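Participant: Below is the file protein05.txt, with compact mmCIF, C-alpha atoms.
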```
# COMPACT_ATOMS: atom_id res chain seq x y z
CA MET U 1 -37.76 8.96 -9.85
CA ALA U 2 -37.18 5.81 -11.94
CA ASN U 3 -35.56 2.44 -12.28
CA ILE U 4 -33.49 1.49 -15.33
CA ARG U 5 -32.90 -1.87 -16.99
CA ILE U 6 -30.20 -2.44 -19.58
CA VAL U 7 -30.69 -5.76 -21.34
CA GLY U 8 -27.99 -7.19 -23.62
CA VAL U 9 -26.91 -3.76 -24.91
CA SER U 10 -24.02 -3.56 -27.39
CA LYS U 11 -22.66 -0.69 -29.45
CA ARG U 12 -20.46 -0.95 -32.52
CA PHE U 13 -18.71 1.82 -34.41
CA GLY U 14 -17.81 0.13 -37.68
CA ASN U 15 -15.62 -2.83 -36.76
CA VAL U 16 -14.99 -1.53 -33.25
CA VAL U 17 -17.15 -2.89 -30.43
CA ALA U 18 -17.35 -0.13 -27.82
CA VAL U 19 -19.88 -1.87 -25.54
CA ARG U 20 -20.54 -5.61 -25.51
CA ASP U 21 -23.67 -7.34 -24.17
CA ILE U 22 -24.24 -5.26 -21.03
CA HIS U 23 -26.89 -6.38 -18.53
CA LEU U 24 -27.42 -3.92 -15.69
CA SER U 25 -30.26 -2.87 -13.38
CA VAL U 26 -30.40 0.47 -11.57
CA ASP U 27 -32.89 0.66 -8.73
CA ASP U 28 -35.13 3.64 -8.14
CA ARG U 29 -33.40 6.39 -6.10
CA SER U 30 -30.03 4.64 -6.17
CA PHE U 31 -26.61 6.07 -7.05
CA VAL U 32 -24.82 3.75 -9.49
CA THR U 33 -21.33 4.48 -10.82
CA LEU U 34 -19.92 3.19 -14.10
CA LEU U 35 -16.23 2.81 -13.29
CA GLY U 36 -13.37 1.94 -15.58
CA PRO U 37 -10.32 3.25 -17.45
CA SER U 38 -10.51 5.56 -20.45
CA GLY U 39 -11.93 3.79 -23.49
CA CYS U 40 -13.82 1.11 -21.56
CA GLY U 41 -17.23 2.16 -22.93
CA LYS U 42 -18.73 3.81 -19.86
CA SER U 43 -19.52 7.15 -21.54
CA THR U 44 -20.89 5.35 -24.60
CA LEU U 45 -23.26 3.40 -22.36
CA LEU U 46 -24.35 6.63 -20.64
CA ASN U 47 -24.95 8.27 -24.03
CA MET U 48 -27.21 5.38 -25.05
CA ILE U 49 -29.30 5.82 -21.91
CA ALA U 50 -29.55 9.55 -22.69
CA GLY U 51 -30.49 8.88 -26.31
CA LEU U 52 -27.39 10.51 -27.78
CA GLU U 53 -26.36 7.14 -29.25
CA ASP U 54 -28.51 4.26 -30.49
CA PRO U 55 -27.72 0.73 -29.31
CA SER U 56 -26.57 -1.68 -32.00
CA ASN U 57 -28.25 -4.49 -30.05
CA GLY U 58 -30.22 -4.84 -26.84
CA GLU U 59 -32.90 -2.89 -25.02
CA ILE U 60 -33.00 -0.03 -22.51
CA TYR U 61 -35.98 0.46 -20.21
CA ILE U 62 -36.94 3.31 -17.89
CA ASP U 63 -39.77 2.30 -15.55
CA ASP U 64 -40.43 -0.74 -17.79
CA LEU U 65 -40.90 1.50 -20.83
CA LEU U 66 -38.69 0.56 -23.78
CA ILE U 67 -36.90 3.78 -24.78
CA ASN U 68 -34.65 2.64 -27.64
CA LYS U 69 -36.60 4.73 -30.15
CA VAL U 70 -37.71 7.50 -27.79
CA PRO U 71 -36.06 10.85 -28.66
CA PRO U 72 -33.75 12.29 -25.98
CA SER U 73 -36.08 15.21 -25.22
CA PHE U 74 -38.89 12.81 -24.30
CA ARG U 75 -36.89 10.50 -22.00
CA ASN U 76 -37.08 12.89 -19.03
CA VAL U 77 -33.40 12.44 -18.19
CA ALA U 78 -30.89 15.21 -17.45
CA MET U 79 -27.23 14.95 -18.36
CA VAL U 80 -24.28 16.79 -16.83
CA PHE U 81 -21.19 16.68 -19.02
CA GLN U 82 -17.47 16.78 -18.26
CA SER U 83 -17.35 20.23 -19.84
CA TYR U 84 -19.78 22.63 -18.19
CA ALA U 85 -21.42 23.47 -21.55
CA LEU U 86 -22.84 26.74 -20.27
CA TYR U 87 -24.08 29.48 -22.59
CA PRO U 88 -21.29 32.10 -22.26
CA HIS U 89 -23.45 35.07 -23.30
CA MET U 90 -26.19 34.31 -20.76
CA SER U 91 -26.36 35.07 -17.06
CA LEU U 92 -26.53 32.20 -14.61
CA ARG U 93 -30.23 32.92 -14.18
CA ASP U 94 -30.80 32.51 -17.91
CA ASN U 95 -28.61 29.41 -18.07
CA LEU U 96 -30.69 27.78 -15.35
CA SER U 97 -34.03 28.77 -16.86
CA PHE U 98 -33.33 28.25 -20.58
CA ALA U 99 -34.54 24.63 -20.84
CA LEU U 100 -37.72 25.48 -18.93
CA LYS U 101 -38.46 28.39 -21.26
CA ILE U 102 -38.04 26.12 -24.29
CA ARG U 103 -40.56 23.69 -22.76
CA GLY U 104 -43.07 26.50 -22.27
CA VAL U 105 -43.09 26.43 -18.47
CA ALA U 106 -44.93 29.37 -16.90
CA LYS U 107 -42.71 32.32 -15.94
CA GLN U 108 -43.75 32.18 -12.28
CA ASP U 109 -42.89 28.47 -12.08
CA ILE U 110 -39.51 29.09 -13.73
CA GLU U 111 -38.63 31.80 -11.24
CA SER U 112 -39.67 29.58 -8.34
CA LYS U 113 -37.57 26.64 -9.57
CA VAL U 114 -34.51 28.78 -10.28
CA GLU U 115 -34.79 30.39 -6.85
CA ARG U 116 -35.08 27.04 -5.07
CA VAL U 117 -32.21 25.39 -6.93
CA SER U 118 -29.86 28.38 -6.66
CA TRP U 119 -30.27 28.40 -2.88
CA MET U 120 -29.79 24.64 -2.77
CA LEU U 121 -26.47 24.92 -4.64
CA GLY U 122 -25.20 28.07 -2.92
CA ILE U 123 -25.14 30.18 -6.09
CA HIS U 124 -28.09 32.48 -5.34
CA GLU U 125 -25.90 35.57 -5.09
CA LEU U 126 -24.28 34.80 -8.46
CA LEU U 127 -27.41 34.63 -10.62
CA ASP U 128 -26.71 37.86 -12.52
CA ARG U 129 -23.12 36.92 -13.38
CA LYS U 130 -21.97 35.29 -16.60
CA PRO U 131 -19.99 32.01 -16.70
CA LYS U 132 -16.65 33.72 -17.38
CA GLU U 133 -16.93 35.47 -14.00
CA LEU U 134 -17.18 32.17 -12.08
CA SER U 135 -14.70 29.69 -10.66
CA GLY U 136 -14.64 26.08 -11.85
CA GLY U 137 -16.61 24.89 -8.84
CA GLN U 138 -19.26 27.56 -9.34
CA ARG U 139 -19.62 26.66 -13.03
CA GLN U 140 -20.04 23.03 -12.08
CA ARG U 141 -22.82 23.98 -9.67
CA VAL U 142 -24.59 25.88 -12.45
CA ALA U 143 -24.33 22.84 -14.74
CA LEU U 144 -25.86 20.70 -11.98
CA GLY U 145 -28.54 23.31 -11.33
CA ARG U 146 -29.53 23.35 -14.97
CA ALA U 147 -30.21 19.62 -14.70
CA ILE U 148 -32.01 19.83 -11.33
CA VAL U 149 -34.52 22.52 -12.36
CA ARG U 150 -35.93 20.12 -14.95
CA ASP U 151 -37.04 17.62 -12.25
CA PRO U 152 -35.91 14.67 -14.39
CA LYS U 153 -36.56 11.01 -13.67
CA VAL U 154 -32.86 10.18 -14.03
CA PHE U 155 -29.63 12.16 -13.64
CA LEU U 156 -26.73 11.14 -15.89
CA LEU U 157 -23.33 12.55 -14.94
CA ASP U 158 -20.30 12.08 -17.19
CA GLU U 159 -17.10 12.76 -15.19
CA PRO U 160 -18.45 16.08 -13.86
CA LEU U 161 -15.55 16.68 -11.44
CA SER U 162 -12.61 15.90 -13.71
CA ASN U 163 -11.93 19.57 -14.54
CA LEU U 164 -11.61 20.58 -10.88
CA ASP U 165 -8.46 20.70 -8.77
CA ALA U 166 -7.92 18.01 -6.13
CA ALA U 167 -9.18 19.99 -3.12
CA LEU U 168 -12.29 21.26 -4.90
CA ARG U 169 -13.00 17.81 -6.29
CA LEU U 170 -12.98 16.40 -2.77
CA GLN U 171 -15.38 19.12 -1.59
CA MET U 172 -17.72 18.70 -4.57
CA ARG U 173 -17.72 14.93 -4.14
CA ALA U 174 -19.22 15.29 -0.67
CA GLU U 175 -21.64 17.98 -1.83
CA LEU U 176 -22.87 15.84 -4.72
CA LYS U 177 -23.55 12.85 -2.50
CA LEU U 178 -25.45 15.00 0.00
CA LEU U 179 -27.36 16.72 -2.80
CA PHE U 180 -28.60 13.55 -4.45
CA ASP U 181 -29.42 11.96 -1.10
CA THR U 182 -31.60 15.01 -0.42
CA LEU U 183 -33.21 14.87 -3.87
CA LYS U 184 -33.75 11.09 -3.51
CA ALA U 185 -32.67 10.88 -7.12
CA THR U 186 -31.82 8.04 -9.48
CA VAL U 187 -28.26 8.74 -10.59
CA ILE U 188 -25.87 7.08 -13.04
CA TYR U 189 -22.39 8.53 -12.64
CA VAL U 190 -19.42 7.90 -14.94
CA THR U 191 -15.86 8.17 -13.68
CA HIS U 192 -12.40 6.64 -13.96
CA ASP U 193 -11.62 7.76 -10.39
CA GLN U 194 -12.11 4.79 -8.06
CA ALA U 195 -12.10 7.08 -4.98
CA GLU U 196 -15.17 8.88 -6.35
CA ALA U 197 -16.86 5.56 -7.04
CA MET U 198 -16.07 4.11 -3.62
CA THR U 199 -17.21 7.14 -1.62
CA MET U 200 -20.36 8.14 -3.52
CA SER U 201 -22.00 4.99 -4.83
CA ASP U 202 -24.67 2.61 -3.65
CA LYS U 203 -23.42 0.24 -6.34
CA ILE U 204 -20.46 0.21 -8.71
CA ALA U 205 -20.40 -1.36 -12.17
CA VAL U 206 -16.80 -1.97 -13.28
CA LEU U 207 -16.14 -2.03 -17.03
CA LYS U 208 -13.13 -3.05 -19.09
CA ASP U 209 -12.85 -3.07 -22.90
CA GLY U 210 -16.61 -2.57 -23.24
CA GLU U 211 -17.51 -5.53 -21.02
CA LEU U 212 -19.08 -5.49 -17.58
CA GLN U 213 -16.69 -7.10 -15.10
CA GLN U 214 -18.54 -6.88 -11.78
CA VAL U 215 -21.48 -5.13 -10.14
CA GLY U 216 -21.67 -4.71 -6.37
CA THR U 217 -21.52 -2.39 -3.41
CA PRO U 218 -18.24 -0.51 -2.91
CA LEU U 219 -17.20 -2.93 -0.15
CA GLU U 220 -18.07 -5.97 -2.25
CA ILE U 221 -15.99 -4.63 -5.13
CA TYR U 222 -13.06 -3.90 -2.81
CA PHE U 223 -13.07 -7.03 -0.65
CA LYS U 224 -14.45 -9.57 -3.13
CA PRO U 225 -13.14 -8.72 -6.63
CA VAL U 226 -14.20 -11.34 -9.17
CA ASN U 227 -11.02 -11.12 -11.23
CA ARG U 228 -7.52 -9.72 -11.42
CA PHE U 229 -8.58 -6.57 -13.26
CA VAL U 230 -11.11 -5.48 -10.64
CA ALA U 231 -8.67 -6.31 -7.83
CA GLY U 232 -5.94 -4.23 -9.44
CA PHE U 233 -8.12 -1.32 -10.57
CA VAL U 234 -10.02 -0.67 -7.33
CA GLY U 235 -7.90 0.38 -4.38
CA SER U 236 -5.29 3.07 -3.81
CA PRO U 237 -2.49 2.10 -3.71
CA THR U 238 -3.40 -0.79 -5.97
CA MET U 239 -3.24 -4.44 -4.98
CA ASN U 240 0.16 -6.14 -5.30
CA LEU U 241 -0.01 -8.96 -7.86
CA SER U 242 2.67 -11.54 -8.68
CA PRO U 243 2.84 -15.00 -10.33
CA CYS U 244 3.02 -17.92 -7.91
CA ARG U 245 2.38 -21.63 -7.39
CA VAL U 246 1.12 -23.58 -4.37
CA ALA U 247 3.41 -26.51 -3.52
CA VAL U 248 2.75 -29.41 -1.11
CA ASP U 249 5.34 -30.58 1.40
CA GLY U 250 3.80 -33.32 3.53
CA PRO U 251 0.98 -31.74 5.56
CA ARG U 252 2.16 -28.18 4.81
CA PHE U 253 1.47 -25.97 1.84
CA HIS U 254 3.88 -23.37 0.51
CA LEU U 255 3.29 -20.45 -1.83
CA ARG U 256 6.27 -20.01 -4.15
CA THR U 257 6.97 -16.91 -6.21
CA THR U 258 10.02 -16.20 -8.36
CA ASP U 259 11.67 -14.49 -5.36
CA PHE U 260 10.58 -16.22 -2.16
CA GLU U 261 8.48 -18.90 -0.50
CA LEU U 262 5.74 -18.43 2.11
CA THR U 263 4.54 -21.24 4.37
CA LEU U 264 0.75 -21.04 4.38
CA PRO U 265 -1.42 -21.22 7.52
CA ALA U 266 -2.54 -24.72 8.45
CA SER U 267 -4.95 -24.04 11.31
CA PRO U 268 -8.43 -25.66 11.22
CA THR U 269 -10.03 -22.27 10.57
CA SER U 270 -7.82 -21.49 7.56
CA ARG U 271 -9.00 -21.95 4.01
CA SER U 272 -8.08 -25.15 2.20
CA TRP U 273 -5.06 -24.77 -0.05
CA ALA U 274 -5.23 -28.27 -1.55
CA PRO U 275 -7.38 -27.32 -4.59
CA PHE U 276 -4.68 -24.88 -5.74
CA ALA U 277 -1.67 -27.21 -5.51
CA GLY U 278 0.40 -27.30 -8.69
CA ARG U 279 -1.62 -24.64 -10.51
CA GLU U 280 -0.24 -21.53 -12.16
CA LEU U 281 -1.66 -18.71 -10.04
CA ILE U 282 -1.45 -15.00 -9.37
CA MET U 283 -1.09 -13.96 -5.74
CA GLY U 284 -2.68 -10.70 -4.64
CA ILE U 285 -2.19 -8.78 -1.42
CA ARG U 286 -3.18 -5.22 -0.65
CA PRO U 287 -0.50 -2.77 0.54
CA GLU U 288 -2.14 -2.37 3.96
CA HIS U 289 -1.62 -6.10 4.61
CA LEU U 290 2.16 -5.87 4.28
CA ALA U 291 4.23 -4.67 7.21
CA LEU U 292 7.85 -4.19 8.18
CA ALA U 293 9.00 -6.99 10.49
CA PRO U 294 10.19 -5.51 13.82
CA ASP U 295 12.52 -8.49 14.27
CA ALA U 296 13.69 -11.44 12.22
CA GLY U 297 11.01 -14.09 11.84
CA GLU U 298 10.35 -17.23 9.82
CA GLY U 299 8.72 -16.40 6.51
CA ASP U 300 9.80 -12.76 6.39
CA VAL U 301 10.72 -11.60 2.89
CA ARG U 302 13.89 -9.62 2.28
CA GLY U 303 13.75 -6.56 0.07
CA THR U 304 15.30 -3.19 -0.71
CA CYS U 305 13.39 0.08 -0.44
CA MET U 306 13.35 1.83 -3.82
CA VAL U 307 10.97 4.73 -3.15
CA VAL U 308 9.60 6.42 -0.02
CA GLU U 309 6.47 8.57 -0.43
CA ARG U 310 5.50 10.50 2.69
CA LEU U 311 1.86 11.58 2.57
CA GLY U 312 1.45 12.81 6.12
CA SER U 313 -1.01 10.37 7.66
CA ASP U 314 0.67 7.44 5.92
CA THR U 315 3.91 6.48 4.21
CA GLN U 316 4.02 4.39 1.06
CA LEU U 317 7.05 2.33 0.08
CA LEU U 318 8.09 0.58 -3.10
CA VAL U 319 10.18 -2.43 -2.09
CA LYS U 320 12.04 -4.63 -4.57
CA THR U 321 12.27 -8.30 -3.55
CA GLY U 322 14.01 -9.51 -6.72
CA ALA U 323 11.90 -9.78 -9.86
CA ASN U 324 8.89 -8.29 -8.04
CA VAL U 325 8.18 -4.89 -6.54
CA TYR U 326 5.66 -4.53 -3.70
CA THR U 327 3.86 -1.44 -2.42
CA LEU U 328 3.53 -1.10 1.36
CA ASP U 329 1.09 1.31 3.03
CA LEU U 330 2.52 2.17 6.46
CA PRO U 331 1.74 4.72 9.20
CA GLY U 332 3.05 8.22 8.56
CA SER U 333 5.52 7.85 11.42
CA ALA U 334 7.43 5.03 9.67
CA THR U 335 11.17 5.78 9.53
CA VAL U 336 12.51 4.27 6.33
CA ARG U 337 15.02 5.59 3.82
CA THR U 338 15.62 4.86 0.16
CA GLY U 339 18.13 2.03 -0.35
CA GLN U 340 17.50 0.50 3.06
CA ASN U 341 17.36 -3.31 3.32
CA LEU U 342 14.06 -4.41 4.87
CA ARG U 343 12.17 -7.46 6.02
CA ILE U 344 8.55 -7.60 4.87
CA ARG U 345 5.93 -9.56 6.78
CA PHE U 346 2.91 -10.81 4.79
CA ASP U 347 -0.51 -11.18 6.40
CA LEU U 348 -1.07 -14.73 5.13
CA ASP U 349 -4.76 -14.60 6.00
CA ALA U 350 -5.20 -11.69 3.58
CA LEU U 351 -3.97 -13.37 0.38
CA TYR U 352 -6.03 -13.40 -2.81
CA LEU U 353 -5.50 -16.06 -5.48
CA PHE U 354 -6.36 -15.69 -9.16
CA ASP U 355 -6.11 -18.20 -11.99
CA ALA U 356 -3.12 -17.26 -14.15
CA GLU U 357 -4.89 -18.03 -17.44
CA SER U 358 -8.48 -16.85 -16.93
CA GLU U 359 -7.56 -14.28 -14.25
CA ARG U 360 -10.75 -15.19 -12.35
CA ALA U 361 -10.65 -15.02 -8.55
CA LEU U 362 -10.20 -18.46 -6.98
CA SER U 363 -9.93 -17.48 -3.33
CA THR U 364 -10.64 -14.31 -1.36
CA PRO U 365 -10.07 -13.70 2.37
CA GLU U 366 -13.52 -14.23 3.88
CA HIS U 367 -12.61 -12.60 7.19
CA LEU U 368 -11.81 -9.34 5.40
CA ALA U 369 -15.18 -9.40 3.65
CA SER U 370 -16.93 -9.96 6.97
CA ALA U 371 -14.97 -7.15 8.59
CA GLY U 372 -16.10 -4.89 5.75
CA GLY U 373 -19.75 -5.59 6.53
CA ILE U 374 -20.22 -8.21 3.82
CA CYS U 375 -21.79 -11.56 4.51
CA PRO U 376 -19.56 -14.33 3.11
```
Please rewrite the model in this file as structure tokens.
Facilitator:
Amino acid sequence: MANIRIVGVSKRFGNVVAVRDIHLSVDDRSFVTLLGPSGCGKSTLLNMIAGLEDPSNGEIYIDDLLINKVPPSFRNVAMVFQSYALYPHMSLRDNLSFALKIRGVAKQDIESKVERVSWMLGIHELLDRKPKELSGGQRQRVALGRAIVRDPKVFLLDEPLSNLDAALRLQMRAELKLLFDTLKATVIYVTHDQAEAMTMSDKIAVLKDGELQQVGTPLEIYFKPVNRFVAGFVGSPTMNLSPCRVAVDGPRFHLRTTDFELTLPASPTSRSWAPFAGRELIMGIRPEHLALAPDAGEGDVRGTCMVVERLGSDTQLLVKTGANVYTLDLPGSATVRTGQNLRIRFDLDALYLFDAESERALSTPEHLASAGGICP
């Protein structure tokens, strides 16, 4: 397989900057996901690696070979698109073998490759059918097979599961991960679905407005977001974020929002709150670190339940505390009704703090990172 280096790559379309000064390394045989919302530049970056777009600035290397001017057909990469892009008039067998025929591969070798890949993907019995006779999942397998038979150095996948229904997407997600682990392939995968990124990737590169925000393992991205955007984008339900300020009252520190005040932990093992006193901040807390107070306690926050979403294994609430609305992720057995007055208990050791102006992370809960297998 291959390693990839992207050095200072930018792409402009007229006055629009789609990708800005990206630096990214992809190790050999690793699965790296480009994650971000629509329009963030992830597909444009993938197209530049494939050779479908030329960088406006910067350099792209595959195995230390500069490929900026190398035609797509000579880069030895295979791309799987969001649309299956199958030839409708050809059988699956011909769809899988077409690229090999164009390259002049011997007929016996083509048959051997098609046979091996069709068994690998579970489509061997479908080889004589045409695409219109297949389900969405089967078409997606054919599109993957067409890439695999080429034995490329790099696989590039652009939202390949987005056309599938939820259940099939979940199934294909697991199959893809197992497949590429078996192939020991170098993969760059584009998606806006953070669940796909978290479950499949060795590393995630988060993009926003054409700029790279953070690169790390899924657990690093989740537990140690570098800014407000990453914290809010990765996680389902998303992190609760609200403006706040840390105030000093003698030896105690208090976190004040527009709706309530929390007295912060003051034990010797707690983080120091002094550097944040008086600053305009954004407090973050994930829904799983909010709970319903079983009895009245100091520091509990009063709120009113606006929405109850029962998902079976868990129950999600939207609770209004005044100017702010918080999402709670509770066990499925939680008995709460819409309109009910509640007391919310914050896990004060699980608070994130972000600078209100720059939105950079100022403080993350180190014990959560350690629990997630990350060394602080």
Participant: Smallest atom-to-atom distance to U:Phe155: which of U:Asp249, U:Asp54, U:Asp28, U:Asp329, using only C-alpha atoms?
Facilitator: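 The shortest atom-to-atom distance to U:Phe155 comes from U:Asp28.
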Participant: Select, from U:Leu262, U:Leu100, U:Leu157, U:Met79, the residue with the minimum atom-to-atom distance to U:Leu348, counting all atoms listed in the file.
Facilitator: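 Checking each of U:Leu262, U:Leu100, U:Leu157, U:Met79 against U:Leu348, counting all atoms listed in the file, the winner is U:Leu262.
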Participant: Given only C-alpha atoms, how would the per-residue table for stretch 206-245 of chain U near stretch 33-49 of chain U read, listing every residue at most 7 Å away with its closest atom pair and distance in Å to one decimal, sorted by chain and number, as a Markdown table?
Facilitator:
```
| residue | atom | partner | partner_atom | distance |
| --- | --- | --- | --- | --- |
| U:Val206 | CA | U:Leu35 | CA | 4.8 |
| U:Leu207 | CA | U:Gly36 | CA | 5.1 |
| U:Lys208 | CA | U:Cys40 | CA | 4.9 |
| U:Asp209 | CA | U:Cys40 | CA | 4.5 |
| U:Gly210 | CA | U:Gly41 | CA | 4.8 |
```
Participant: May I ask for the distance between atom CA of U:Ala266 and atom CA of U:Pro251, given in Å to one decimal place?
Facilitator: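 Pair atom CA of U:Ala266 / atom CA of U:Pro251 returns 8.4 Å.
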Participant: Would you mind listing what lies within 10 Å of stretch 351-357 of chain U as number ranges by chain, with all atoms listed in the file counted and same-chain residues fewer than 2 positions away left out?
Facilitator: U: 223-228, 231, 239-245, 264, 276, 279-286, 289, 346-349, 359-365
